[in-house]
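Novice: The following block contains the structure, expressed as structure tokens.
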Amino acid sequence: MSLNAEVVIVGAGPGGALLGYLLAASGVEVILLERHAGIDKEFRGEHLNAQGEQILRQHGLYGHVQQAGLLLMERVEYFQQGQIVKTILPAPGEQHTGIHVPQKNLLQALIGQSLPYPNYRLMMDSSVTELLHDPISGAVNGVKVRHRGEELTINSKLVIGADGRYSTVRKLAGIGTQILKHGFDLLWARIPAPKGWPATVRMALAKQAQLALFSQQGGYIQIGWNIPQDSFPSLRKTPVEPFTEALIESFPELEEKVRRHLRAWNDFVLLKVQSCVCDTWVQPGLVIMGDAAHTFSPTGAIGVNSAMKDAHVLAPLIIDALHADDTGLARLKQFEQLRQQETRAELASQFAREAGFSGQFPAYQF
């Protein structure tokens with residue numbers, strides 16, 4: 001079986017889904033591939049910052065996301081020994097310090113607005129197995145895909161790899177990456193929020209490590225707890241209770257929820273924290289974007305917003321390239337030139353924030 005499209009996007013995360021909408025709305029023939037069978041996949045980078053919100057508003061999408069469900073953060077608070085030592089409120093003229101949007105709600109809005117376009121096609125349960133190349137120029141001109149157990153070929157003028165930090169497209173293209181470690185890994189957990197829990201981000205130091213609590217739309221609290229890099233296998237061999245007691249000590253009002261829902265190490269999910277810097281983001285006929293091109297750590301919730309900024313910048317460049325019938329290296333390189341410096345500055349800011357986190361607390365200021 002063979003299909004044709006002007007652009008194939010691999011990966012229906014926020015960046016790929018937004019790019020698919022922007023191209024479809026401009027009349028481009030788009031096929032969006034997603035390896036999962038549904039959009040309700042496990043994902044934890046779900047906070048929008050001002051940049052992400054502005055992009056959604058600019059393209060008339062914010063109201064649709066709002067309708068799907070989101071939560072505005074009232075403030076950011078730093079706690080020490082159960083007491084607030086620092087509060088960050090919304091800037092003058094702003095209504096929040098961030099927005100929690102479950103990924104399924106964001107994708108529901110982005111994909112929902114894309115599906116009515118006849119030039120748009122979403123294919124779930126589809127994994128790319130091979131990049132196709134023009135026999136004369138060598139440029140990428142399509143993909144081979146396993147779709148619901150069947151092999152098919154998609155011919156295209158441009159392939160976009162928006163398939164995350166472990167990008168298959170990046171690997172198939174042979175694009176090299178430099179992996180950067182941050183010195184810590186992250187344990188995630190989610191518990192129901194107690195009645196009256198405010199829409200906040202709360203920070204603390206527990207066992208001398210960063211502990212972050214994020215209020216979530218739907219009445220939950222997401223817990224992110226830094227642990228030393230590669231320490232989880234050893235940690236799992238010890239009782240979980242001393243670990244959860246440190247959480248309760250930091251936030252006593254969560255005691256009942258913690259004791260009920262965090263009873264074993266299996267109630268936590270490990271995220272191996274690393275960033276990557278790629279040798280390039282483009283080849284003739286191919287672009288990688290989002291986490292495939294520039295992976296971030298969870299600090300500051302940059303990843304999803306940066307991926308959406310990629311889509312916002314890349315869409316008009318793709319449209320111009322298709323109009324010029326030119327998806328060669330020089331034209332596509334414009335995307336890398338426009339975005340690479342900003343993403344590297346954001347990565348540097350993450351390392352700086354991580355190094356200076358303890359300085360937010362009076363007892364650790366020197």
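In the structure tokens, chains take letters A, B, ... by order of appearance, with residues numbered from 1 within each chain and ligands from 1 in the order shown.
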Per DSSP on the backbone, what are the alpha helix (DSSP H) residues of stretch 143-336 of chain A, as a PyMOL selection string?
Specialist: chain A and resi 168-173+232-235+241-250+255-261+303-323+329-336
Novice: Please provide as a list of chain:residue names all residues within 9 Å of stretch 64-70 of chain A, with the sequence filter that same-chain residues fewer than 3 positions apart are discarded (counting only C-alpha atoms).
Specialist: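 Non-adjacent residues within range: A:Leu56, A:Gly60, A:Leu61, A:Ile99, A:His100, A:Val101, A:Pro102, A:Lys104, A:Asn105, A:Leu106, A:Leu107, A:Gln108, A:Ala109, A:Leu110, A:Gly112, A:Gln113, A:Gln216, A:Gln217, A:Gly218.
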Novice: Save the residues we just selected, N, CA, C and O atoms, as a PDB file, in the first residue's frame?
Specialist:
ATOM      1  N   LEU A  56      -0.772  29.703  21.288  1.00  0.00           N
ATOM      2  CA  LEU A  56      -2.130  29.183  21.134  1.00  0.00           C
ATOM      3  C   LEU A  56      -3.117  30.298  20.847  1.00  0.00           C
ATOM      4  O   LEU A  56      -4.013  30.158  20.003  1.00  0.00           O
ATOM      5  N   GLY A  60      -5.601  31.184  17.417  1.00  0.00           N
ATOM      6  CA  GLY A  60      -7.011  30.969  17.685  1.00  0.00           C
ATOM      7  C   GLY A  60      -7.340  29.637  18.322  1.00  0.00           C
ATOM      8  O   GLY A  60      -8.468  29.145  18.205  1.00  0.00           O
ATOM      9  N   LEU A  61      -6.386  29.062  19.042  1.00  0.00           N
ATOM     10  CA  LEU A  61      -6.558  27.721  19.609  1.00  0.00           C
ATOM     11  C   LEU A  61      -6.768  27.714  21.121  1.00  0.00           C
ATOM     12  O   LEU A  61      -7.205  26.708  21.679  1.00  0.00           O
ATOM     13  N   ILE A  99       0.109  27.526  33.413  1.00  0.00           N
ATOM     14  CA  ILE A  99      -1.145  26.832  33.118  1.00  0.00           C
ATOM     15  C   ILE A  99      -0.890  25.337  33.066  1.00  0.00           C
ATOM     16  O   ILE A  99       0.023  24.882  32.360  1.00  0.00           O
ATOM     17  N   HIS A 100      -1.682  24.571  33.824  1.00  0.00           N
ATOM     18  CA  HIS A 100      -1.621  23.125  33.665  1.00  0.00           C
ATOM     19  C   HIS A 100      -2.668  22.683  32.656  1.00  0.00           C
ATOM     20  O   HIS A 100      -3.854  22.987  32.790  1.00  0.00           O
ATOM     21  N   VAL A 101      -2.213  21.976  31.622  1.00  0.00           N
ATOM     22  CA  VAL A 101      -3.110  21.413  30.612  1.00  0.00           C
ATOM     23  C   VAL A 101      -2.765  19.939  30.446  1.00  0.00           C
ATOM     24  O   VAL A 101      -1.666  19.617  29.973  1.00  0.00           O
ATOM     25  N   PRO A 102      -3.636  19.013  30.848  1.00  0.00           N
ATOM     26  CA  PRO A 102      -3.361  17.603  30.565  1.00  0.00           C
ATOM     27  C   PRO A 102      -3.083  17.407  29.079  1.00  0.00           C
ATOM     28  O   PRO A 102      -3.766  17.990  28.229  1.00  0.00           O
ATOM     29  N   LYS A 104      -3.715  15.112  27.059  1.00  0.00           N
ATOM     30  CA  LYS A 104      -4.847  14.627  26.255  1.00  0.00           C
ATOM     31  C   LYS A 104      -5.793  15.778  25.914  1.00  0.00           C
ATOM     32  O   LYS A 104      -6.399  15.788  24.837  1.00  0.00           O
ATOM     33  N   ASN A 105      -5.936  16.760  26.811  1.00  0.00           N
ATOM     34  CA  ASN A 105      -6.794  17.905  26.524  1.00  0.00           C
ATOM     35  C   ASN A 105      -6.191  18.791  25.449  1.00  0.00           C
ATOM     36  O   ASN A 105      -6.894  19.277  24.561  1.00  0.00           O
ATOM     37  N   LEU A 106      -4.870  19.018  25.546  1.00  0.00           N
ATOM     38  CA  LEU A 106      -4.194  19.837  24.542  1.00  0.00           C
ATOM     39  C   LEU A 106      -4.265  19.172  23.170  1.00  0.00           C
ATOM     40  O   LEU A 106      -4.590  19.815  22.166  1.00  0.00           O
ATOM     41  N   LEU A 107      -3.976  17.874  23.125  1.00  0.00           N
ATOM     42  CA  LEU A 107      -4.005  17.169  21.845  1.00  0.00           C
ATOM     43  C   LEU A 107      -5.421  17.067  21.301  1.00  0.00           C
ATOM     44  O   LEU A 107      -5.635  17.138  20.084  1.00  0.00           O
ATOM     45  N   GLN A 108      -6.382  16.881  22.189  1.00  0.00           N
ATOM     46  CA  GLN A 108      -7.778  16.831  21.750  1.00  0.00           C
ATOM     47  C   GLN A 108      -8.154  18.115  21.024  1.00  0.00           C
ATOM     48  O   GLN A 108      -8.828  18.088  19.986  1.00  0.00           O
ATOM     49  N   ALA A 109      -7.710  19.245  21.560  1.00  0.00           N
ATOM     50  CA  ALA A 109      -8.016  20.528  20.928  1.00  0.00           C
ATOM     51  C   ALA A 109      -7.277  20.691  19.603  1.00  0.00           C
ATOM     52  O   ALA A 109      -7.863  21.082  18.589  1.00  0.00           O
ATOM     53  N   LEU A 110      -5.973  20.402  19.585  1.00  0.00           N
ATOM     54  CA  LEU A 110      -5.178  20.592  18.375  1.00  0.00           C
ATOM     55  C   LEU A 110      -5.617  19.652  17.255  1.00  0.00           C
ATOM     56  O   LEU A 110      -5.805  20.070  16.106  1.00  0.00           O
ATOM     57  N   GLY A 112      -8.470  17.964  17.153  1.00  0.00           N
ATOM     58  CA  GLY A 112      -9.875  18.200  16.852  1.00  0.00           C
ATOM     59  C   GLY A 112     -10.085  19.323  15.855  1.00  0.00           C
ATOM     60  O   GLY A 112     -10.992  19.272  15.020  1.00  0.00           O
ATOM     61  N   GLN A 113      -9.244  20.348  15.924  1.00  0.00           N
ATOM     62  CA  GLN A 113      -9.350  21.451  14.973  1.00  0.00           C
ATOM     63  C   GLN A 113      -8.715  21.112  13.626  1.00  0.00           C
ATOM     64  O   GLN A 113      -8.978  21.791  12.629  1.00  0.00           O
ATOM     65  N   GLN A 216      -2.890  20.043  39.518  1.00  0.00           N
ATOM     66  CA  GLN A 216      -3.293  19.605  38.194  1.00  0.00           C
ATOM     67  C   GLN A 216      -4.786  19.803  37.971  1.00  0.00           C
ATOM     68  O   GLN A 216      -5.591  19.652  38.909  1.00  0.00           O
ATOM     69  N   GLN A 217      -5.137  20.097  36.734  1.00  0.00           N
ATOM     70  CA  GLN A 217      -6.536  20.145  36.357  1.00  0.00           C
ATOM     71  C   GLN A 217      -7.159  18.778  36.627  1.00  0.00           C
ATOM     72  O   GLN A 217      -6.558  17.742  36.350  1.00  0.00           O
ATOM     73  N   GLY A 218      -8.326  18.779  37.226  1.00  0.00           N
ATOM     74  CA  GLY A 218      -8.974  17.513  37.550  1.00  0.00           C
ATOM     75  C   GLY A 218      -8.860  17.110  39.003  1.00  0.00           C
ATOM     76  O   GLY A 218      -9.354  16.048  39.391  1.00  0.00           O
TER      77      GLY A 218
END
Novice: Residues at most 10 Å from stretch 297-299 of chain A, counting only C-alpha atoms, excluding those fewer than 6 positions away in the same chain, as a count of residues only?
Specialist: 21
Novice: Find the residues near A:Phe268: any atom within 9 Å, counting only C-alpha atoms, skip ones fewer than 6 places away on the same chain, and give them as JSON, numbers by chain.
Specialist: {"A": [187, 188, 189, 190, 262]}
Novice: Which residue is closest to A:Phe251? Choose from A:Tyr21, A:Tyr166, A:Phe361, A:Trp197 and count only C-alpha atoms.
Specialist: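 The answer is A:Trp197, which sits nearest to A:Phe251.
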Novice: Enumerate the residues of stretch 257-295 of chain A with a DSSP assignment of strand (DSSP E or B), computed from the backbone, and present them as an NGL selection string.
Specialist: :A and (269-271 or 274-278 or 282-283 or 286-288)
Novice: Go ahead and write the selection's residues with N, CA and C atoms as a compact mmCIF listing (two decimals), in the first residue's frame.
Specialist:
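Saved result, again33.txt, follows:
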# COMPACT_ATOMS: atom_id res chain seq x y z
N VAL A 269 7.22 6.76 39.45
CA VAL A 269 7.72 6.49 38.10
C VAL A 269 9.04 7.23 37.93
N LEU A 270 10.04 6.53 37.44
CA LEU A 270 11.37 7.11 37.27
C LEU A 270 11.51 7.79 35.91
N LEU A 271 12.03 9.00 35.91
CA LEU A 271 12.44 9.68 34.68
C LEU A 271 13.95 9.88 34.73
N GLN A 274 18.02 13.82 31.31
CA GLN A 274 19.14 14.16 30.44
C GLN A 274 18.65 15.12 29.37
N SER A 275 19.58 15.89 28.85
CA SER A 275 19.30 16.76 27.72
C SER A 275 20.13 16.29 26.54
N CYS A 276 19.80 16.81 25.37
CA CYS A 276 20.63 16.49 24.22
C CYS A 276 20.80 17.71 23.33
N VAL A 277 21.94 17.79 22.70
CA VAL A 277 22.23 18.81 21.70
C VAL A 277 22.61 18.07 20.43
N CYS A 278 21.89 18.30 19.35
CA CYS A 278 22.09 17.57 18.11
C CYS A 278 23.10 18.26 17.21
N VAL A 282 18.52 19.38 10.46
CA VAL A 282 17.97 19.28 9.10
C VAL A 282 18.87 18.46 8.19
N GLN A 283 18.24 17.82 7.23
CA GLN A 283 18.88 17.21 6.07
C GLN A 283 17.99 17.52 4.88
N LEU A 286 14.26 16.69 5.18
CA LEU A 286 13.98 16.22 6.55
C LEU A 286 14.29 17.30 7.58
N VAL A 287 13.42 17.39 8.61
CA VAL A 287 13.63 18.30 9.74
C VAL A 287 13.27 17.54 11.02
N ILE A 288 14.07 17.72 12.07
CA ILE A 288 13.67 17.23 13.39
C ILE A 288 13.36 18.45 14.26
Novice: Any idea what the distance is between atom CA of A:Ser26 and atom CA of A:Tyr117?
Specialist: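 Rounded to one decimal, the two atoms are 9.9 Å apart.
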Novice: Nearest residue to A:Ser2 out of A:Asn155, A:Gln178, A:Ser137, A:Asn49, using only C-alpha atoms?
Specialist: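 Of the candidates, the smallest distance to A:Ser2 is held by A:Asn155.
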Novice: List as a list in words the protein and nucleic acid residues near A:Ala162, meaning an atom at most 8 Å away when only C-alpha atoms are counted, but skip any in the same chain fewer than 3 places from it.
Specialist: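 The neighbour list is Ile9, Val10, Gly11, Ala12, Gly13, Gly15, Gly16, Ser167, Ile288, Met289, Gly290, Asp291 and Ala292 of chain A.
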Novice: Please determine, counting only C-alpha atoms, which residue among A:Ala37, A:Val313, A:Ala204, A:Val7 has the shortest atom-to-atom distance to A:Gly149.
Specialist: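 Between A:Ala37, A:Val313, A:Ala204, A:Val7, the residue approaching A:Gly149 most closely is A:Ala37.
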Novice: Work out how far atom CA of A:Ala199 is from atom CA of A:Ser215, in Å to one decimal.
Specialist: 5.3 Å
Novice: Could you check the closest approach to A:Gly52 for each of A:Arg170, A:His312, A:Arg344, A:His323 and tell me which residue wins, using only C-alpha atoms?
Specialist: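 Ranking A:Arg170, A:His312, A:Arg344, A:His323 by distance to A:Gly52, first place goes to A:His312.
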Novice: Find the residue from A:Asp125, A:Asp326, A:Glu241, A:Asp163 that sits nearest to A:Ala307; use only C-alpha atoms when measuring.
Specialist: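 The answer is A:Asp163, which sits nearest to A:Ala307.
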Novice: Enter the distance from atom CA of A:Gly38 to atom CA of A:Met124, in Å, rounded to one decimal.
Specialist: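 Interatomic distance here is 6.7 Å.
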Novice: Which is closest to A:Val8 among A:Gly93, A:Pro239, A:Pro116, A:Gly285, if we use only C-alpha atoms?
Specialist: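 Answer, going by the shortest atom-to-atom distance: A:Gly285.
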